[in-house]
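One structure is given here, and the rest of the page talks about it.
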Amino acid sequence: MDDLERLEDWLTPLTSQLEPQSQKRLARSIATELRKENIQNIRRQMGPDGVRWERRKKTRAAAKPIRYFYRARDGHEREIEMSSYRDDGDRIVGYDKEAGGIRTMLKQGMLRSMSARYPAGNSAQKRRAQYMLTGFARNRFMRIQSSSKEASVFFGGRAEQLARIHHFGLRDRVAPGGAEYDYPARELLGISNPMRERISGMIINHLAES
């Protein structure tokens with residue numbers, strides 16, 4: 001048994017002597033601090049043990065937007081810029097940023113190419129590609145619960161199932177109806193030894209003020 005465990009065994013009977021309301025305030029303070037640390041860990045891309053998560057596998061880079069002057073069959077001419085497109089033989093199918101919808105354009109109508117006006121992606125998209133699971137690092141998903149007997153941090157609502165898959169490294173579909181994938185375990189919740197020490201300090205301070 002280490003010194004921290006001995007300290008916790010010593011503190012437990014002392015906290016049991018507190019009034020229920022005082023115990024509940026202490027439990028809520030502890031739960032709040034636990035949530036803060038776990039949110040910080042997710043943003044740092046590491047587990048409670050301080051070990052960095054396995055990196056996300058690299059995916060194929062998105063195609064660069066294309067922009068060109070286009071003449072339709074009826075003779076109408078205009079500028080077109082496309083993203084998320086595919087080459088389909090004698091035509092290109094993709095999202096027309098100017099018109100705001102999916103379009104099919106014949107290659108023979110593409111008169112001349114120009115520099116793209118819109119960027120391929122924004123900074124938020126780049127951050128999402130670089131950092132994993134940061135959507136869980138929010139109070140509305142990572143919830144706390146406290147009473148005179150316990151303090152807990154957990155994922156609630158629709159986030160609970162997804163968090164469980166990533167936390168334990170379970171098998172799931174990448175997309176609805178798509179292929180299955182064995183996700184590596186990336187612990188989203190836990191308590192580190194430094195956090196245990198801080199909690200012990202919080203308890204001692206609370207006892208001193210009571």
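Naming works like this for the structure tokens: A, B, ... for the chains as they're shown, residue 1 at the start of each chain, ligands 1 onward in shown order.
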
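By only C-alpha atoms, and with residues fewer than 6 positions from Asn38 in chain A along its chain excluded, the set lying at most 9 Å from it is Gly47, Pro48, Ala137, Met142, Leu188, Leu189, Gly190 and Ile191 of chain A.
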
Sorted by chain and rising residue number, which residues of range 28-103 of chain A lie within 9 Å of range 113-117 of chain A, and what are their closest atom pairs and distances in Å to one decimal, counting only C-alpha atoms, as a Markdown table?
```
| residue | atom | partner | partner_atom | distance |
| --- | --- | --- | --- | --- |
| A:Lys64 | CA | A:Ala116 | CA | 8.7 |
| A:Pro65 | CA | A:Ala116 | CA | 6.2 |
| A:Ile66 | CA | A:Ala116 | CA | 5.9 |
| A:Arg67 | CA | A:Ala116 | CA | 5.2 |
| A:Tyr68 | CA | A:Ser113 | CA | 4.0 |
| A:Phe69 | CA | A:Ser113 | CA | 6.4 |
| A:Glu81 | CA | A:Ala116 | CA | 6.8 |
| A:Met82 | CA | A:Ala116 | CA | 8.8 |
```

Store the residues picked out above, limited to N, CA, C and O atoms, as a tab-separated table (two decimals), in the first residue's frame.
```tsv
chain	number	residue	atom	x	y	z
A	64	LYS	N	-8.57	18.66	-55.08
A	64	LYS	CA	-8.57	20.12	-55.06
A	64	LYS	C	-9.74	20.64	-55.90
A	64	LYS	O	-10.12	20.04	-56.90
A	65	PRO	N	-10.32	21.76	-55.50
A	65	PRO	CA	-11.41	22.33	-56.30
A	65	PRO	C	-10.91	22.69	-57.71
A	65	PRO	O	-9.74	23.01	-57.90
A	66	ILE	N	-11.81	22.60	-58.67
A	66	ILE	CA	-11.49	23.01	-60.04
A	66	ILE	C	-12.45	24.12	-60.44
A	66	ILE	O	-13.61	24.14	-60.03
A	67	ARG	N	-11.94	25.07	-61.23
A	67	ARG	CA	-12.75	26.18	-61.69
A	67	ARG	C	-12.49	26.38	-63.19
A	67	ARG	O	-11.34	26.37	-63.63
A	68	TYR	N	-13.54	26.57	-63.93
A	68	TYR	CA	-13.36	26.75	-65.37
A	68	TYR	C	-14.56	27.52	-65.96
A	68	TYR	O	-15.61	27.66	-65.33
A	69	PHE	N	-14.33	28.02	-67.16
A	69	PHE	CA	-15.38	28.72	-67.91
A	69	PHE	C	-16.10	27.66	-68.74
A	69	PHE	O	-15.48	26.93	-69.51
A	81	GLU	N	-17.22	26.34	-60.43
A	81	GLU	CA	-16.20	25.79	-59.53
A	81	GLU	C	-16.78	24.58	-58.84
A	81	GLU	O	-17.89	24.62	-58.30
A	82	MET	N	-16.02	23.48	-58.84
A	82	MET	CA	-16.51	22.22	-58.30
A	82	MET	C	-15.59	21.66	-57.23
A	82	MET	O	-14.37	21.77	-57.31
```

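Nearest-residue note for Arg56 in chain A: choosing from A:Arg198, A:Glu209, A:Tyr183, A:Ile204, the minimum distance belongs to A:Tyr183, counting only C-alpha atoms.
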
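With only C-alpha atoms as the atoms that count, the residue of A:Arg186, A:Met46, A:Ser146, A:Asn205 with the shortest distance to Thr32 in chain A is A:Ser146.
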
Those in chain A with helix (DSSP H, G or I) from DSSP, as a PyMOL selection string: chain A and resi 3-15+20-43+107-109+123-130+134-136+159-168+193-209

Neighbour list for Gly89 in chain A as number ranges by chain, cut-off 12 Å, only C-alpha atoms, skip fewer than 6 positions in-chain: A: 104-108

The selected residues should be written to file as a compact mmCIF listing (two decimals), in the first residue's frame (atoms: C-alpha atoms).
```txt
# COMPACT_ATOMS: atom_id res chain seq x y z
CA THR A 104 -23.05 17.08 -64.23
CA MET A 105 -20.86 18.95 -66.72
CA LEU A 106 -19.70 17.70 -70.14
CA LYS A 107 -15.94 17.96 -70.62
CA GLN A 108 -16.39 19.32 -74.15
```

Among listed residues A:Thr134, A:Arg71, A:Gln45, A:Leu162, nearest Val174 in chain A (using only C-alpha atoms):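 Ranking A:Thr134, A:Arg71, A:Gln45, A:Leu162 by distance to Val174 in chain A, first place goes to A:Leu162.
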
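Relative to CA of Glu54 in chain A, CA of Ser192 in chain A is found at 18.9 Å.
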
Point-to-point distance from CA of Tyr95 in chain A to CA of Lys57 in chain A, Å rounded to tenths: 26.5 Å

Using only C-alpha atoms: which of A:Met195, A:Ala151, A:Glu98, A:Ile165 has the shortest distance to Tyr181 in chain A: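 So, comparing all the options, the nearest one is A:Ile165.
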
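CA of Pro20 in chain A is found 11.3 Å from CA of Glu150 in chain A.
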